[in-house]
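J.: Pasting a structure here, questions to come.
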Amino acid sequence: MENKFVISQPEWLSLEALRLRSSAKENDLIDRLYSLLTVESLTQGLEAIDPQFDVKMLSLIETSDYDSPDINKPIHLCRKVALRLSEAAVIYAESHCNPQASEAVSFLNCGTKSLGRRLFSQEKMLQRSDFSYAFFPLHTLPQSLRQMLRGEYDSLCARRSYFTIDNQALFITEWYLPELVKRVVGF
């Protein structure tokens with residue numbers, strides 16, 4: 001008999017629906033982060049807090065280790081980065097696409113440059129999905145993110161969306177780290 005342990009994933013919702021299902025503590029977090037949860041370009045939102053913004057590349061590999069509701073995930077090209085303010089990580093982000101989607105892949109191959117800056121500086125407007133949001137209990141976070149946090153927090157808020165580039169999807173999930181919350185208390 002095979003014993004499989006399946007970790008249930010958080011449910012992705014609109015921000016309004018997430019508020020209805022969240023605790024008072026989580027709703028307070030949504031209130032504090034509201035402008036950054038809803039801004040189109042997170043890069044621009046972060047730069048408004050601190051102009052010392054940079055991107056730390058964590059990995060760019062073909063893998064099935066990325067945020068997705070699918071149990072049997074296909075291999076995707078996945079870019080994992082930490083968005084930083086004054087060298088402190090404030091956002092952990094995963095972007096991924098089919099490795100055969102050449103236009104989407106060209107966006108991911110941007111090294112330590114901001115993916116958001118590249119996506120929003122295009123001559124033609126790229127189609128973006130609506131945002132969806134979730135609170136992730138620590139045990140459901142991607143392994144590389146759990147290692148960054150060292151078990152210090154019980155859950156994180158995240159948003160995700162996707163861009164359509166030449167009929168191919170480029171998926172983006174952004175987790176809002178505790179350091180960001182500390183920086184926006186007075187924001």
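Within each chain, counting starts at residue 1; across the structure tokens, chains are named A, B, ... in the order shown, with ligands numbered 1 upward in that order.
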Which range 44-156 of chain A residues have any atom within 8 Å of an atom of range 162-170 of chain A, and for each, what is the nearest pair of atoms with distance in Å to one decimal, counting only C-alpha atoms, rows sorted by chain and number, as CSV?
T.:
```
residue,atom,partner,partner_atom,distance
A:Ser95,CA,A:Leu170,CA,6.8
A:His96,CA,A:Leu170,CA,5.8
A:Cys97,CA,A:Leu170,CA,5.0
A:Asn98,CA,A:Ala169,CA,7.8
A:Ala101,CA,A:Gln168,CA,6.3
A:Glu103,CA,A:Ile165,CA,6.6
A:Ala104,CA,A:Leu170,CA,6.0
A:Leu126,CA,A:Thr164,CA,6.5
A:Gln127,CA,A:Thr164,CA,5.4
A:Arg128,CA,A:Phe163,CA,4.4
A:Ser129,CA,A:Tyr162,CA,5.5
```
J.: Could those residues be written to a file, using N, CA and C atoms, as a PDB file, in the first residue's frame?
T.:
```
ATOM      1  N   SER A  95       8.290  33.232 -11.394  1.00  0.00           N
ATOM      2  CA  SER A  95       7.691  33.438 -12.712  1.00  0.00           C
ATOM      3  C   SER A  95       8.017  32.200 -13.526  1.00  0.00           C
ATOM      4  N   HIS A  96       7.031  31.702 -14.255  1.00  0.00           N
ATOM      5  CA  HIS A  96       7.319  30.493 -15.022  1.00  0.00           C
ATOM      6  C   HIS A  96       6.466  30.428 -16.288  1.00  0.00           C
ATOM      7  N   CYS A  97       6.987  29.668 -17.252  1.00  0.00           N
ATOM      8  CA  CYS A  97       6.293  29.487 -18.533  1.00  0.00           C
ATOM      9  C   CYS A  97       6.761  28.184 -19.165  1.00  0.00           C
ATOM     10  N   ASN A  98       6.046  27.774 -20.182  1.00  0.00           N
ATOM     11  CA  ASN A  98       6.442  26.621 -20.971  1.00  0.00           C
ATOM     12  C   ASN A  98       7.808  26.937 -21.595  1.00  0.00           C
ATOM     13  N   ALA A 101       7.855  28.294 -25.144  1.00  0.00           N
ATOM     14  CA  ALA A 101       7.224  29.590 -25.432  1.00  0.00           C
ATOM     15  C   ALA A 101       8.326  30.646 -25.541  1.00  0.00           C
ATOM     16  N   GLU A 103       8.862  33.657 -26.751  1.00  0.00           N
ATOM     17  CA  GLU A 103       8.687  35.067 -26.348  1.00  0.00           C
ATOM     18  C   GLU A 103       8.636  35.200 -24.834  1.00  0.00           C
ATOM     19  N   ALA A 104       7.886  34.331 -24.177  1.00  0.00           N
ATOM     20  CA  ALA A 104       7.803  34.363 -22.713  1.00  0.00           C
ATOM     21  C   ALA A 104       9.159  34.044 -22.094  1.00  0.00           C
ATOM     22  N   LEU A 126       0.712  44.287 -23.105  1.00  0.00           N
ATOM     23  CA  LEU A 126       0.513  42.857 -22.881  1.00  0.00           C
ATOM     24  C   LEU A 126      -0.765  42.658 -22.083  1.00  0.00           C
ATOM     25  N   GLN A 127      -1.484  41.591 -22.365  1.00  0.00           N
ATOM     26  CA  GLN A 127      -2.700  41.288 -21.618  1.00  0.00           C
ATOM     27  C   GLN A 127      -2.321  40.643 -20.298  1.00  0.00           C
ATOM     28  N   ARG A 128      -2.940  41.160 -19.218  1.00  0.00           N
ATOM     29  CA  ARG A 128      -2.697  40.594 -17.896  1.00  0.00           C
ATOM     30  C   ARG A 128      -4.021  40.132 -17.311  1.00  0.00           C
ATOM     31  N   SER A 129      -3.997  39.005 -16.638  1.00  0.00           N
ATOM     32  CA  SER A 129      -5.190  38.505 -15.950  1.00  0.00           C
ATOM     33  C   SER A 129      -5.470  39.375 -14.725  1.00  0.00           C
TER      34      SER A 129
END
```
J.: List the neighbours of Ile61 in chain A out to 8 Å using only C-alpha atoms; skip same-chain residues closer than 4 positions along the sequence, and give me the result as an MDAnalysis selection string.
T.: chainID A and resid 77:79
J.: Find the spatial neighbours of Gln143 in chain A, counting only C-alpha atoms, within a cut-off of 12 Å - ignore same-chain residues fewer than 4 positions away - and output them as a count of residues only.
T.: 12
J.: For Ala17 in chain A, which residue out of A:Val184, A:Ala48, A:Ile30, A:Asn109 is the nearest one, using only C-alpha atoms?
T.: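 Comparing A:Val184, A:Ala48, A:Ile30, A:Asn109 against Ala17 in chain A, the winner is A:Ile30.
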J.: I'd like the interatomic distance between CA of His76 in chain A and CA of Ser144 in chain A, to a tenth of an Å.
T.: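 Between CA of His76 in chain A and CA of Ser144 in chain A the gap is 16.5 Å.
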J.: Would you give me, as a PyMOL selection string, the residues in range 35-181 of chain A that DSSP reads as alpha helix (DSSP H)?
T.: chain A and resi 35-38+42-49+102-108+115-120+143-149+178-181
J.: Might you pull out every residue within 6 Å of Val55 in chain A, with only C-alpha atoms counted and same-chain residues fewer than 5 positions away left off, and present them as an NGL selection string?
T.: :A and (82-83 or 112)
J.: Point out the residue among A:Lys73, A:Asp130, A:Pro99, A:Phe135 with the least atom-to-atom distance to Ser23 in chain A, counting only C-alpha atoms.
T.: A:Phe135
J.: Just want the 9 Å neighbourhood of Glu179 in chain A, counted on only C-alpha atoms, with same-chain residues fewer than 6 positions away dropped. Output as a PyMOL selection string.
T.: chain A and resi 88-91
J.: For the atom pair CA of Asn27 in chain A and CA of Ser14 in chain A, what is the interatomic distance in Å to one decimal place?
T.: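 One can read the CA of Asn27 in chain A to CA of Ser14 in chain A distance as 13.4 Å.
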J.: As an exercise, work out the distance from CA of Ser68 in chain A to CA of Leu108 in chain A in Å and give it to one decimal place.
T.: 17.6 Å
J.: Leu18 in chain A: which residues within 7 Å, counting only C-alpha atoms, same-chain residues fewer than 4 positions away excluded, as a PDB file with all heavy atoms, in the first residue's frame?
T.:
```pdb
ATOM      1  N   LEU A  13      -8.285  33.689  -4.404  1.00  0.00           N
ATOM      2  CA  LEU A  13      -9.545  34.432  -4.404  1.00  0.00           C
ATOM      3  C   LEU A  13      -9.312  35.876  -4.822  1.00  0.00           C
ATOM      4  O   LEU A  13      -8.184  36.364  -4.831  1.00  0.00           O
ATOM      5  CB  LEU A  13     -10.135  34.439  -2.977  1.00  0.00           C
ATOM      6  CG  LEU A  13     -10.367  33.097  -2.307  1.00  0.00           C
ATOM      7  CD1 LEU A  13     -10.585  33.285  -0.811  1.00  0.00           C
ATOM      8  CD2 LEU A  13     -11.553  32.405  -2.947  1.00  0.00           C
ATOM      9  N   SER A  14     -10.401  36.572  -5.110  1.00  0.00           N
ATOM     10  CA  SER A  14     -10.305  38.023  -5.285  1.00  0.00           C
ATOM     11  C   SER A  14      -9.950  38.613  -3.917  1.00  0.00           C
ATOM     12  O   SER A  14     -10.137  37.962  -2.876  1.00  0.00           O
ATOM     13  CB  SER A  14     -11.638  38.601  -5.764  1.00  0.00           C
ATOM     14  OG  SER A  14     -12.597  38.513  -4.721  1.00  0.00           O
ATOM     15  N   SER A  22     -10.805  35.827   5.889  1.00  0.00           N
ATOM     16  CA  SER A  22      -9.575  36.025   6.660  1.00  0.00           C
ATOM     17  C   SER A  22      -9.859  36.431   8.101  1.00  0.00           C
ATOM     18  O   SER A  22     -10.912  36.987   8.412  1.00  0.00           O
ATOM     19  CB  SER A  22      -8.704  37.085   5.985  1.00  0.00           C
ATOM     20  OG  SER A  22      -8.312  36.650   4.705  1.00  0.00           O
ATOM     21  N   TYR A 133      -5.527  36.266  -4.879  1.00  0.00           N
ATOM     22  CA  TYR A 133      -4.775  36.396  -3.636  1.00  0.00           C
ATOM     23  C   TYR A 133      -5.011  35.188  -2.750  1.00  0.00           C
ATOM     24  O   TYR A 133      -6.069  34.557  -2.813  1.00  0.00           O
ATOM     25  CB  TYR A 133      -5.225  37.657  -2.880  1.00  0.00           C
ATOM     26  CG  TYR A 133      -5.092  38.923  -3.682  1.00  0.00           C
ATOM     27  CD1 TYR A 133      -6.120  39.347  -4.520  1.00  0.00           C
ATOM     28  CD2 TYR A 133      -3.939  39.692  -3.617  1.00  0.00           C
ATOM     29  CE1 TYR A 133      -5.999  40.511  -5.270  1.00  0.00           C
ATOM     30  CE2 TYR A 133      -3.815  40.851  -4.365  1.00  0.00           C
ATOM     31  CZ  TYR A 133      -4.844  41.262  -5.188  1.00  0.00           C
ATOM     32  OH  TYR A 133      -4.719  42.412  -5.928  1.00  0.00           O
ATOM     33  N   ALA A 134      -4.028  34.916  -1.873  1.00  0.00           N
ATOM     34  CA  ALA A 134      -4.168  33.813  -0.915  1.00  0.00           C
ATOM     35  C   ALA A 134      -3.240  34.061   0.266  1.00  0.00           C
ATOM     36  O   ALA A 134      -2.230  34.764   0.146  1.00  0.00           O
ATOM     37  CB  ALA A 134      -3.821  32.480  -1.572  1.00  0.00           C
TER      38      ALA A 134
END
```
J.: Residues of range 85-165 of chain A in strand (DSSP E or B) according to DSSP, as a ChimeraX atom specification?
T.: /A:85,88-97,127-128,132-137,155-165
J.: Taking only C-alpha atoms into account, name the residue in A:Glu174, A:Phe107, A:Cys157, A:Glu87 that is nearest to Arg19 in chain A.
T.: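 Closest residue, counting only C-alpha atoms: A:Cys157.
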J.: Would you pick out the contacts of Leu29 in chain A at 10 Å or less, using only C-alpha atoms, so that residues sharing its chain but fewer than 5 positions from it are not included, and give the list as a PyMOL selection string?
T.: chain A and resi 23-24+34+156-157+181+185
